[in-house]
Amino acid sequence: MRFVFLEASLETIPPEISDHEVVRRDTKRRGKRPEEILLDDSKHHRAMEGLENREKRGRPDIVHQCLLALLDSSLEDFEVYVHTVAGKVIRVNRKTRLPRNYNRFVGLMEDLFRRGRISAGGDVLLEIVDVGIDELISRNAVVMHEGYGVGPLLEAAGSDDLVVCIGAFPHGDFDDELWRIFEEKGVMFAGFGDRPRTSLYVTYKTVCILEGFS
């Protein structure tokens, strides 16, 4: 089984806003260069106003919460990948014990983006990998999306090669390239009704359903 968090709001400060006064102030306070600091809407809101795709960026807390919910679960033998809004793919080892404190999580992600890999005790815990998102989404994928019922997830829940895809951004919808991949792969869609749900809600509910089949 594989979980893929799509278009996660997880990236370092992009070059086009690196010279903004808000960013300069943060880099001075932290003693780091802009490309070494995670973009965070709570700190860089004014600098982000002109960013392309702004509504989907600057929320690392979302994927932090979702990963904690998944890694805390009783599910076994699954893979975890985070596909970022900037197009990077991160492989997360099931053994990884992520910091529960958000600030420590930010520091860990900043180290990952700088080094490309985080290891401990001989295990690679987090790694930026050269894998296309289309390679991670199979024909057995279930994409969680508002406007759908939970039926397709229940039908696919017993499959060992199930791929569950969950958006990890605050607003908006999947980009056109992802929709093209969904169509090409013929994925299934499932959800929890017409009402928009947070990524954390969807992750928790999905995990609870799948735990019932494990």
# chains A, B, ... in the order shown; residues from 1 in each chain; ligands from 1
call {"tool": "residues_around", "arguments": {"residues": "Glu135 (chain A)", "least_positions_apart": "5", "cutoff": "12 Å", "atoms": "only C-alpha atoms", "output": "ChimeraX atom specification"}}
result
/A:2,4,81,83,89,129-130,141,163,178,181-182,184-185
call {"tool": "write_last_selection", "arguments": {"atoms": "N, CA and C atoms", "output": "PDB file, in the first residue's frame"}}
result
ATOM      1  N   ARG A   2       0.411   2.250  -0.667  1.00  0.00           N
ATOM      2  CA  ARG A   2       1.185   3.488  -0.779  1.00  0.00           C
ATOM      3  C   ARG A   2       0.280   4.688  -0.539  1.00  0.00           C
ATOM      4  N   VAL A   4       0.268   8.844  -1.047  1.00  0.00           N
ATOM      5  CA  VAL A   4       0.939   9.958  -1.721  1.00  0.00           C
ATOM      6  C   VAL A   4       0.194  11.245  -1.360  1.00  0.00           C
ATOM      7  N   TYR A  81       4.916   8.895   0.340  1.00  0.00           N
ATOM      8  CA  TYR A  81       5.590   9.883  -0.489  1.00  0.00           C
ATOM      9  C   TYR A  81       4.889  11.233  -0.338  1.00  0.00           C
ATOM     10  N   HIS A  83       4.589  14.685  -2.427  1.00  0.00           N
ATOM     11  CA  HIS A  83       4.823  15.419  -3.679  1.00  0.00           C
ATOM     12  C   HIS A  83       4.544  16.882  -3.372  1.00  0.00           C
ATOM     13  N   VAL A  89       9.701  15.317  -4.936  1.00  0.00           N
ATOM     14  CA  VAL A  89       9.105  14.124  -4.340  1.00  0.00           C
ATOM     15  C   VAL A  89       9.984  13.659  -3.181  1.00  0.00           C
ATOM     16  N   VAL A 129      13.759  12.212  -3.791  1.00  0.00           N
ATOM     17  CA  VAL A 129      14.057  11.197  -4.799  1.00  0.00           C
ATOM     18  C   VAL A 129      13.720  11.701  -6.198  1.00  0.00           C
ATOM     19  N   ASP A 130      14.442  11.153  -7.162  1.00  0.00           N
ATOM     20  CA  ASP A 130      14.235  11.520  -8.563  1.00  0.00           C
ATOM     21  C   ASP A 130      13.186  10.585  -9.171  1.00  0.00           C
ATOM     22  N   ALA A 141      -4.974   3.472  -8.088  1.00  0.00           N
ATOM     23  CA  ALA A 141      -4.989   4.618  -7.178  1.00  0.00           C
ATOM     24  C   ALA A 141      -6.418   5.067  -6.887  1.00  0.00           C
ATOM     25  N   VAL A 163      -3.049   2.480  -3.901  1.00  0.00           N
ATOM     26  CA  VAL A 163      -2.390   3.778  -3.784  1.00  0.00           C
ATOM     27  C   VAL A 163      -3.451   4.800  -3.398  1.00  0.00           C
ATOM     28  N   LEU A 178      -1.773  17.109 -12.912  1.00  0.00           N
ATOM     29  CA  LEU A 178      -2.267  15.990 -12.123  1.00  0.00           C
ATOM     30  C   LEU A 178      -3.569  15.443 -12.697  1.00  0.00           C
ATOM     31  N   ILE A 181      -2.741  13.217 -15.478  1.00  0.00           N
ATOM     32  CA  ILE A 181      -2.259  11.916 -15.010  1.00  0.00           C
ATOM     33  C   ILE A 181      -3.415  11.061 -14.500  1.00  0.00           C
ATOM     34  N   PHE A 182      -4.331  11.680 -13.761  1.00  0.00           N
ATOM     35  CA  PHE A 182      -5.497  10.939 -13.268  1.00  0.00           C
ATOM     36  C   PHE A 182      -6.269  10.307 -14.428  1.00  0.00           C
ATOM     37  N   GLU A 184      -5.146   9.718 -17.503  1.00  0.00           N
ATOM     38  CA  GLU A 184      -4.319   8.734 -18.201  1.00  0.00           C
ATOM     39  C   GLU A 184      -4.296   7.402 -17.463  1.00  0.00           C
ATOM     40  N   LYS A 185      -4.229   7.458 -16.139  1.00  0.00           N
ATOM     41  CA  LYS A 185      -4.153   6.235 -15.331  1.00  0.00           C
ATOM     42  C   LYS A 185      -5.532   5.625 -15.084  1.00  0.00           C
TER      43      LYS A 185
END
call {"tool": "residues_around", "arguments": {"residues": "region 203-208 of chain A", "least_positions_apart": "5", "cutoff": "7 Å", "atoms": "only C-alpha atoms", "output": "ChimeraX atom specification"}}
result
/A:66,69-70
call {"tool": "write_last_selection", "arguments": {"atoms": "N, CA and C atoms", "output": "PDB file, in the first residue's frame"}}
result
ATOM      1  N   CYS A  66      -0.728  15.721   8.673  1.00  0.00           N
ATOM      2  CA  CYS A  66      -1.147  14.520   7.945  1.00  0.00           C
ATOM      3  C   CYS A  66      -0.155  13.371   8.134  1.00  0.00           C
ATOM      4  N   ALA A  69      -0.557  11.853  11.587  1.00  0.00           N
ATOM      5  CA  ALA A  69      -1.750  11.007  11.648  1.00  0.00           C
ATOM      6  C   ALA A  69      -1.503   9.659  10.999  1.00  0.00           C
ATOM      7  N   LEU A  70      -0.798   9.653   9.879  1.00  0.00           N
ATOM      8  CA  LEU A  70      -0.533   8.405   9.172  1.00  0.00           C
ATOM      9  C   LEU A  70       0.497   7.548   9.889  1.00  0.00           C
TER      10      LEU A  70
END
call {"tool": "residues_around", "arguments": {"residues": "Lys88 (chain A)", "least_positions_apart": "2", "cutoff": "10 Å", "atoms": "only C-alpha atoms", "output": "PDB file with N, CA and C atoms, in the first residue's frame"}}
result
ATOM      1  N   GLU A   7       0.849  17.778  -4.008  1.00  0.00           N
ATOM      2  CA  GLU A   7       1.006  19.231  -4.020  1.00  0.00           C
ATOM      3  C   GLU A   7       1.086  19.811  -2.605  1.00  0.00           C
ATOM      4  N   ALA A   8       1.840  19.152  -1.757  1.00  0.00           N
ATOM      5  CA  ALA A   8       1.993  19.609  -0.377  1.00  0.00           C
ATOM      6  C   ALA A   8       2.614  21.005  -0.348  1.00  0.00           C
ATOM      7  N   LEU A  10       4.898  22.654   0.858  1.00  0.00           N
ATOM      8  CA  LEU A  10       6.182  22.442   1.520  1.00  0.00           C
ATOM      9  C   LEU A  10       7.289  22.822   0.547  1.00  0.00           C
ATOM     10  N   GLU A  11       7.907  23.959   0.779  1.00  0.00           N
ATOM     11  CA  GLU A  11       8.961  24.438  -0.112  1.00  0.00           C
ATOM     12  C   GLU A  11       9.771  25.509   0.611  1.00  0.00           C
ATOM     13  N   VAL A  82       5.689  12.277  -0.357  1.00  0.00           N
ATOM     14  CA  VAL A  82       5.158  13.639  -0.347  1.00  0.00           C
ATOM     15  C   VAL A  82       5.574  14.305  -1.643  1.00  0.00           C
ATOM     16  N   HIS A  83       4.589  14.685  -2.427  1.00  0.00           N
ATOM     17  CA  HIS A  83       4.823  15.419  -3.679  1.00  0.00           C
ATOM     18  C   HIS A  83       4.544  16.882  -3.372  1.00  0.00           C
ATOM     19  N   THR A  84       5.546  17.738  -3.526  1.00  0.00           N
ATOM     20  CA  THR A  84       5.388  19.133  -3.117  1.00  0.00           C
ATOM     21  C   THR A  84       4.807  19.991  -4.228  1.00  0.00           C
ATOM     22  N   VAL A  85       4.305  21.142  -3.843  1.00  0.00           N
ATOM     23  CA  VAL A  85       3.720  22.077  -4.796  1.00  0.00           C
ATOM     24  C   VAL A  85       4.751  22.544  -5.817  1.00  0.00           C
ATOM     25  N   ALA A  86       6.032  22.457  -5.457  1.00  0.00           N
ATOM     26  CA  ALA A  86       7.105  22.841  -6.380  1.00  0.00           C
ATOM     27  C   ALA A  86       7.584  21.667  -7.230  1.00  0.00           C
ATOM     28  N   ILE A  90       9.369  13.491  -2.018  1.00  0.00           N
ATOM     29  CA  ILE A  90      10.070  13.076  -0.807  1.00  0.00           C
ATOM     30  C   ILE A  90       9.572  11.695  -0.408  1.00  0.00           C
ATOM     31  N   PHE A 113      15.817  19.702   2.704  1.00  0.00           N
ATOM     32  CA  PHE A 113      15.955  20.429   1.445  1.00  0.00           C
ATOM     33  C   PHE A 113      17.409  20.834   1.190  1.00  0.00           C
ATOM     34  N   ILE A 128      14.823  13.120  -0.706  1.00  0.00           N
ATOM     35  CA  ILE A 128      14.290  13.682  -1.949  1.00  0.00           C
ATOM     36  C   ILE A 128      14.723  12.766  -3.081  1.00  0.00           C
ATOM     37  N   VAL A 129      13.759  12.212  -3.791  1.00  0.00           N
ATOM     38  CA  VAL A 129      14.057  11.197  -4.799  1.00  0.00           C
ATOM     39  C   VAL A 129      13.720  11.701  -6.198  1.00  0.00           C
ATOM     40  N   ASP A 130      14.442  11.153  -7.162  1.00  0.00           N
ATOM     41  CA  ASP A 130      14.235  11.520  -8.563  1.00  0.00           C
ATOM     42  C   ASP A 130      13.186  10.585  -9.171  1.00  0.00           C
ATOM     43  N   VAL A 131      11.949  10.812  -8.776  1.00  0.00           N
ATOM     44  CA  VAL A 131      10.827   9.985  -9.239  1.00  0.00           C
ATOM     45  C   VAL A 131       9.718  10.906  -9.724  1.00  0.00           C
ATOM     46  N   GLY A 132       9.184  10.626 -10.885  1.00  0.00           N
ATOM     47  CA  GLY A 132       8.075  11.421 -11.400  1.00  0.00           C
ATOM     48  C   GLY A 132       6.787  11.066 -10.685  1.00  0.00           C
ATOM     49  N   ILE A 133       5.936  12.049 -10.486  1.00  0.00           N
ATOM     50  CA  ILE A 133       4.683  11.782  -9.787  1.00  0.00           C
ATOM     51  C   ILE A 133       3.833  10.767 -10.554  1.00  0.00           C
TER      52      ILE A 133
END
call {"tool": "residues_around", "arguments": {"residues": "Gly147 (chain A)", "least_positions_apart": "5", "cutoff": "10 Å", "atoms": "only C-alpha atoms", "output": "list in words"}}
result
Phe189, Ala190, Gly191, Phe192, Gly193, Asp194, Arg195 and Pro196 of chain A
call {"tool": "write_last_selection", "arguments": {"atoms": "all heavy atoms", "output": "PDB file, in the first residue's frame"}}
result
ATOM      1  N   PHE A 189     -12.008   7.831  -7.833  1.00  0.00           N
ATOM      2  CA  PHE A 189     -12.155   8.956  -6.915  1.00  0.00           C
ATOM      3  C   PHE A 189     -13.074   8.561  -5.769  1.00  0.00           C
ATOM      4  O   PHE A 189     -14.076   7.872  -5.965  1.00  0.00           O
ATOM      5  CB  PHE A 189     -12.722  10.178  -7.637  1.00  0.00           C
ATOM      6  CG  PHE A 189     -11.781  10.785  -8.627  1.00  0.00           C
ATOM      7  CD1 PHE A 189     -11.790  10.370  -9.954  1.00  0.00           C
ATOM      8  CD2 PHE A 189     -10.875  11.764  -8.244  1.00  0.00           C
ATOM      9  CE1 PHE A 189     -10.910  10.918 -10.874  1.00  0.00           C
ATOM     10  CE2 PHE A 189      -9.993  12.314  -9.155  1.00  0.00           C
ATOM     11  CZ  PHE A 189     -10.009  11.895 -10.469  1.00  0.00           C
ATOM     12  N   ALA A 190     -12.706   9.001  -4.580  1.00  0.00           N
ATOM     13  CA  ALA A 190     -13.534   8.756  -3.401  1.00  0.00           C
ATOM     14  C   ALA A 190     -13.481  10.001  -2.527  1.00  0.00           C
ATOM     15  O   ALA A 190     -12.614  10.864  -2.696  1.00  0.00           O
ATOM     16  CB  ALA A 190     -13.040   7.535  -2.625  1.00  0.00           C
ATOM     17  N   GLY A 191     -14.412  10.098  -1.605  1.00  0.00           N
ATOM     18  CA  GLY A 191     -14.427  11.266  -0.731  1.00  0.00           C
ATOM     19  C   GLY A 191     -15.449  11.110   0.377  1.00  0.00           C
ATOM     20  O   GLY A 191     -16.029  10.035   0.574  1.00  0.00           O
ATOM     21  N   PHE A 192     -15.660  12.201   1.078  1.00  0.00           N
ATOM     22  CA  PHE A 192     -16.575  12.197   2.212  1.00  0.00           C
ATOM     23  C   PHE A 192     -17.675  13.240   2.018  1.00  0.00           C
ATOM     24  O   PHE A 192     -17.957  14.057   2.881  1.00  0.00           O
ATOM     25  CB  PHE A 192     -15.791  12.431   3.508  1.00  0.00           C
ATOM     26  CG  PHE A 192     -14.721  11.393   3.729  1.00  0.00           C
ATOM     27  CD1 PHE A 192     -13.381  11.690   3.522  1.00  0.00           C
ATOM     28  CD2 PHE A 192     -15.076  10.113   4.108  1.00  0.00           C
ATOM     29  CE1 PHE A 192     -12.405  10.723   3.701  1.00  0.00           C
ATOM     30  CE2 PHE A 192     -14.108   9.131   4.292  1.00  0.00           C
ATOM     31  CZ  PHE A 192     -12.764   9.428   4.092  1.00  0.00           C
ATOM     32  N   GLY A 193     -18.269  13.210   0.815  1.00  0.00           N
ATOM     33  CA  GLY A 193     -19.386  14.083   0.524  1.00  0.00           C
ATOM     34  C   GLY A 193     -18.988  15.355  -0.189  1.00  0.00           C
ATOM     35  O   GLY A 193     -17.837  15.559  -0.577  1.00  0.00           O
ATOM     36  N   ASP A 194     -19.970  16.231  -0.375  1.00  0.00           N
ATOM     37  CA  ASP A 194     -19.767  17.455  -1.143  1.00  0.00           C
ATOM     38  C   ASP A 194     -19.077  18.565  -0.362  1.00  0.00           C
ATOM     39  O   ASP A 194     -18.509  19.477  -0.952  1.00  0.00           O
ATOM     40  CB  ASP A 194     -21.120  17.986  -1.641  1.00  0.00           C
ATOM     41  CG  ASP A 194     -21.765  17.050  -2.650  1.00  0.00           C
ATOM     42  OD1 ASP A 194     -21.005  16.321  -3.329  1.00  0.00           O
ATOM     43  OD2 ASP A 194     -23.000  17.040  -2.750  1.00  0.00           O
ATOM     44  N   ARG A 195     -19.140  18.495   0.941  1.00  0.00           N
ATOM     45  CA  ARG A 195     -18.559  19.555   1.764  1.00  0.00           C
ATOM     46  C   ARG A 195     -17.034  19.489   1.735  1.00  0.00           C
ATOM     47  O   ARG A 195     -16.446  18.408   1.891  1.00  0.00           O
ATOM     48  CB  ARG A 195     -19.045  19.397   3.206  1.00  0.00           C
ATOM     49  CG  ARG A 195     -18.470  20.392   4.182  1.00  0.00           C
ATOM     50  CD  ARG A 195     -18.981  20.109   5.589  1.00  0.00           C
ATOM     51  NE  ARG A 195     -18.260  20.874   6.582  1.00  0.00           N
ATOM     52  CZ  ARG A 195     -18.398  20.709   7.891  1.00  0.00           C
ATOM     53  NH1 ARG A 195     -19.255  19.806   8.344  1.00  0.00           N
ATOM     54  NH2 ARG A 195     -17.705  21.441   8.731  1.00  0.00           N
ATOM     55  N   PRO A 196     -16.346  20.625   1.510  1.00  0.00           N
ATOM     56  CA  PRO A 196     -14.879  20.618   1.543  1.00  0.00           C
ATOM     57  C   PRO A 196     -14.374  20.169   2.916  1.00  0.00           C
ATOM     58  O   PRO A 196     -14.898  20.585   3.948  1.00  0.00           O
ATOM     59  CB  PRO A 196     -14.509  22.084   1.277  1.00  0.00           C
ATOM     60  CG  PRO A 196     -15.696  22.663   0.584  1.00  0.00           C
ATOM     61  CD  PRO A 196     -16.885  21.964   1.169  1.00  0.00           C
TER      62      PRO A 196
END
call {"tool": "residues_around", "arguments": {"residues": "Glu127 (chain A)", "least_positions_apart": "4", "cutoff": "8 Å", "atoms": "only C-alpha atoms", "output": "list in words"}}
result
Ile90, Arg91, Val92, Leu112, Gly116, Arg117 and Ile118 of chain A
call {"tool": "residues_around", "arguments": {"residues": "region 30-40 of chain A", "least_positions_apart": "5", "cutoff": "10 Å", "atoms": "only C-alpha atoms", "output": "list in words"}}
result
Ser9, Leu10, Glu11, Thr12, Ile13, Pro14, Pro15, Ile17, Ser18, Asp19, Val23, Arg24, Arg25, His45, Ala47, Met48, Arg57, Gly58, Arg59, Pro60, Asp61, Val106, Gly107, Met109, Glu110, Asp111, Leu112, Phe113 and Arg114 of chain A
call {"tool": "atom_distance", "arguments": {"atom1": "CA of Ser214 (chain A)", "atom2": "CA of Leu75 (chain A)"}}
result
6.7 Å
call {"tool": "select_by_dssp", "arguments": {"residues": "chain A", "states": "helix (DSSP H, G or I)", "output": "ChimeraX atom specification"}}
result
/A:15-17,21-30,34-36,41-44,47-50,54-56,60-71,102-115,133-136,151-156,176-185,199-211
call {"tool": "decode", "arguments": {"residues": "region 171-208 of chain A", "atoms": "N, CA and C atoms", "output": "compact mmCIF listing (two decimals), in the first residue's frame"}}
result
# COMPACT_ATOMS: atom_id res chain seq x y z
N HIS A 171 -6.04 25.47 -0.15
CA HIS A 171 -7.14 25.95 -0.99
C HIS A 171 -6.89 25.54 -2.44
N GLY A 172 -7.94 25.61 -3.24
CA GLY A 172 -7.79 25.32 -4.66
C GLY A 172 -8.00 23.85 -4.98
N ASP A 173 -7.54 23.46 -6.17
CA ASP A 173 -7.73 22.09 -6.65
C ASP A 173 -6.42 21.60 -7.24
N PHE A 174 -6.37 20.31 -7.57
CA PHE A 174 -5.19 19.76 -8.21
C PHE A 174 -4.91 20.50 -9.52
N ASP A 175 -3.64 20.60 -9.86
CA ASP A 175 -3.30 21.33 -11.09
C ASP A 175 -3.60 20.49 -12.33
N ASP A 176 -3.51 21.13 -13.48
CA ASP A 176 -3.90 20.48 -14.74
C ASP A 176 -3.07 19.24 -15.03
N GLU A 177 -1.78 19.27 -14.69
CA GLU A 177 -0.92 18.13 -14.96
C GLU A 177 -1.37 16.91 -14.16
N LEU A 178 -1.77 17.11 -12.91
CA LEU A 178 -2.27 15.99 -12.12
C LEU A 178 -3.57 15.44 -12.70
N TRP A 179 -4.45 16.34 -13.11
CA TRP A 179 -5.70 15.87 -13.72
C TRP A 179 -5.41 15.06 -14.99
N ARG A 180 -4.39 15.46 -15.74
CA ARG A 180 -4.01 14.70 -16.93
C ARG A 180 -3.55 13.30 -16.54
N ILE A 181 -2.74 13.22 -15.48
CA ILE A 181 -2.26 11.92 -15.01
C ILE A 181 -3.42 11.06 -14.50
N PHE A 182 -4.33 11.68 -13.76
CA PHE A 182 -5.50 10.94 -13.27
C PHE A 182 -6.27 10.31 -14.43
N GLU A 183 -6.45 11.11 -15.47
CA GLU A 183 -7.22 10.61 -16.63
C GLU A 183 -6.45 9.50 -17.35
N GLU A 184 -5.15 9.72 -17.50
CA GLU A 184 -4.32 8.73 -18.20
C GLU A 184 -4.30 7.40 -17.46
N LYS A 185 -4.23 7.46 -16.14
CA LYS A 185 -4.15 6.23 -15.33
C LYS A 185 -5.53 5.62 -15.08
N GLY A 186 -6.59 6.38 -15.31
CA GLY A 186 -7.92 5.87 -15.04
C GLY A 186 -8.16 5.63 -13.56
N VAL A 187 -7.72 6.56 -12.72
CA VAL A 187 -7.83 6.39 -11.27
C VAL A 187 -9.29 6.44 -10.82
N MET A 188 -9.52 5.95 -9.62
CA MET A 188 -10.83 6.07 -8.99
C MET A 188 -10.84 7.28 -8.06
N PHE A 189 -12.01 7.83 -7.83
CA PHE A 189 -12.16 8.96 -6.91
C PHE A 189 -13.07 8.56 -5.77
N ALA A 190 -12.71 9.00 -4.58
CA ALA A 190 -13.53 8.76 -3.40
C ALA A 190 -13.48 10.00 -2.53
N GLY A 191 -14.41 10.10 -1.60
CA GLY A 191 -14.43 11.27 -0.73
C GLY A 191 -15.45 11.11 0.38
N PHE A 192 -15.66 12.20 1.08
CA PHE A 192 -16.57 12.20 2.21
C PHE A 192 -17.67 13.24 2.02
N GLY A 193 -18.27 13.21 0.81
CA GLY A 193 -19.39 14.08 0.52
C GLY A 193 -18.99 15.35 -0.19
N ASP A 194 -19.97 16.23 -0.38
CA ASP A 194 -19.77 17.45 -1.14
C ASP A 194 -19.08 18.56 -0.36
N ARG A 195 -19.14 18.50 0.94
CA ARG A 195 -18.56 19.55 1.76
C ARG A 195 -17.03 19.49 1.73
N PRO A 196 -16.35 20.62 1.51
CA PRO A 196 -14.88 20.62 1.54
C PRO A 196 -14.37 20.17 2.92
N ARG A 197 -13.37 19.31 2.91
CA ARG A 197 -12.77 18.81 4.14
C ARG A 197 -11.29 19.14 4.18
N THR A 198 -10.76 19.29 5.38
CA THR A 198 -9.33 19.56 5.49
C THR A 198 -8.54 18.30 5.14
N SER A 199 -7.28 18.49 4.78
CA SER A 199 -6.41 17.35 4.48
C SER A 199 -6.27 16.45 5.69
N LEU A 200 -6.21 17.05 6.88
CA LEU A 200 -6.07 16.25 8.10
C LEU A 200 -7.31 15.40 8.33
N TYR A 201 -8.49 15.97 8.14
CA TYR A 201 -9.73 15.21 8.29
C TYR A 201 -9.74 14.02 7.33
N VAL A 202 -9.41 14.28 6.08
CA VAL A 202 -9.42 13.22 5.07
C VAL A 202 -8.41 12.13 5.43
N THR A 203 -7.23 12.54 5.90
CA THR A 203 -6.21 11.56 6.27
C THR A 203 -6.70 10.69 7.42
N TYR A 204 -7.21 11.31 8.47
CA TYR A 204 -7.71 10.55 9.63
C TYR A 204 -8.81 9.58 9.23
N LYS A 205 -9.80 10.07 8.48
CA LYS A 205 -10.92 9.22 8.10
C LYS A 205 -10.46 8.05 7.22
N THR A 206 -9.56 8.35 6.29
CA THR A 206 -9.05 7.31 5.39
C THR A 206 -8.28 6.26 6.17
N VAL A 207 -7.42 6.71 7.07
CA VAL A 207 -6.64 5.78 7.88
C VAL A 207 -7.56 4.90 8.72
N CYS A 208 -8.58 5.48 9.33
CA CYS A 208 -9.51 4.70 10.15
C CYS A 208 -10.20 3.62 9.34
